[in-house]
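First comes the structure, then the notes that go with it.
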Amino acid sequence: MSAENLTAAAEPTAPRRRRPGRLITLEGGEGAGKSTQMAAIQHMLEAVGIEVVMTREPGGTPAAEALRQSLLAGQFRHLGPQAEAVLFAAARIIHLDEKILPALAAGAWVVCDRFIDSTRVYQGLVDGLDPHLLDLLESVALGTMRPNLTLVLDVDPVIAMKRAALRRGTAQADRFEAGDIARYQRIRDGFREVAAKATDRCVLIDASGDAAAVSRQIETLIAQRLFSRLRLEKWRRIQQGTVDKVILEPS
Ligand SMILES: Nc1ncnc2c1ncn2[C@@H]1O[C@H](COP(=O)(O)OP(=O)(O)OP(=O)(O)O)[C@@H](O)[C@H]1O
Ligand SMILES: [Mg+2]
């Protein structure tokens, strides 16, 4: 080996830095179609060669899922909404530290079913918590980090409640109490309000059409807002059917 080659061999190779991934969150009321669209987003991202981590809130890790179960079962209700909000925030910190942030740092894209905007609507609007407390908890959990894109699925209450009832297998899925409709409408308005306050990351999606129509809107947005030119080109070729299987390429 020449002296020149020896020098080159001795130089430590710099670790290849991966570009951090993106965080996409889905928001909206019950039955809006969030979980349904998660699958479509995963399919789209994987088709263009992106490593994807699918997750949800509250939960996402064993410890945070345990908190989810207790919180959703109402086991901490007697502590009052403030204490519950702190516990939701604790679950979020666990989720971010153990799953979301490491995945993003490794270059994966994370897609999360419900996130900070659901907290605003359910703990803020429904439970009536002070928005300043929610601001504080949000900055404790996230610092300055925010999702790159938030898709807010917006749908008429009757359509969403019918979907949710059908999913549960409830009979008479098309008959609702006026109070239930009013409550759903308040939640819908809450999501619209939250989205209007963060227009840089939140986009309202008309989720009243069939699942494929909603997916098309979402795919267009993700491609336009988050894809590099190379990836956009790949995605267009896939849509045109000119590529069956895309070779994984870092971007
Ligand atoms: N665009 C759509 N058109 C018709 N039915 C749909 C559509 N999207 C979802 N559904 C159906 O509606 C039901 C609720 O959808 P989904 O579970 O995705 O809602 P969600 O927003 O995740 O609700 P939740 O907040 O309760 O988890 C499911 O049975 C699903 O198959
Ligand atoms: Mg769901």
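Following the order of the structure tokens, first chain is A, next is B, and so on, with residues numbered from 1 inside each chain and ligands from 1 in the order they appear.
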Please find the residues contacting ligand 1 at a distance of at most 7 Å between atoms, with only C-alpha atoms and all ligand atoms counted, and report them as a list in words. Gly28, Gly29, Glu30, Gly31, Ala32, Gly33, Lys34, Ser35, Thr36, Gln37, Arg163, Ala164, Leu166, Arg167, Ala207, Ser208, Gly209, Asp210, Ala211, Ala212 and Val214 of chain A
Extract, using only C-alpha atoms, all DNA, RNA and protein residues at most 12 Å from Ala178 in chain A, discarding same-chain residues fewer than 3 positions from it, and format them as an MDAnalysis selection string. chainID A and resid 157:158 161 175 181:185
Might you pull out every residue within 8 Å of range 53-60 of chain A, with only C-alpha atoms counted and same-chain residues fewer than 6 positions away left off, and present them as a PyMOL selection string? chain A and resi 38+42+66-68+88+91-92+95+99+103+108-115
Can you list every residue in range 39-249 of chain A that DSSP puts in alpha helix (DSSP H), as a count of residues only? 114
Between A:Ala160, A:Glu177, A:Ser215, A:Leu104, which residue has the minimum interatomic distance to ligand 2, considering only C-alpha atoms and all ligand atoms?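 Checking each of A:Ala160, A:Glu177, A:Ser215, A:Leu104 against ligand 2, counting only C-alpha atoms and all ligand atoms, the winner is A:Ala160.
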If we count only C-alpha atoms and set the cut-off at 12 Å, which residues sit around Asp135 in chain A, ignoring sequence neighbours fewer than 4 positions away in its own chain? Please answer as a ChimeraX atom specification. /A:85-86,89,116-117,119-120,123-124,129-131,139-144
Residues of range 99-215 of chain A in strand (DSSP E or B), written as a PyMOL selection string: chain A and resi 109-113+149-154+202-206
Residue with smallest distance to Leu151 in chain A - pool A:Ile205, A:Val126, A:Leu23, A:Ala83, counting only C-alpha atoms: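 Under the stated criterion, the closest residue is A:Ile205.
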Which residues come within 12 Å of Met44 in chain A, counting only C-alpha atoms, excluding same-chain residues fewer than 5 positions away, as number ranges by chain? A: 37-39, 49-52, 109, 111, 215-216, 218-223, 227, 231-232, 234-236, 238-239, 246
From the options A:Pro81, A:Gly241, A:Gly107, A:Pro102, which residue's atoms come nearest to Gly21 in chain A, counting only C-alpha atoms?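 Between A:Pro81, A:Gly241, A:Gly107, A:Pro102, the residue approaching Gly21 in chain A most closely is A:Gly107.
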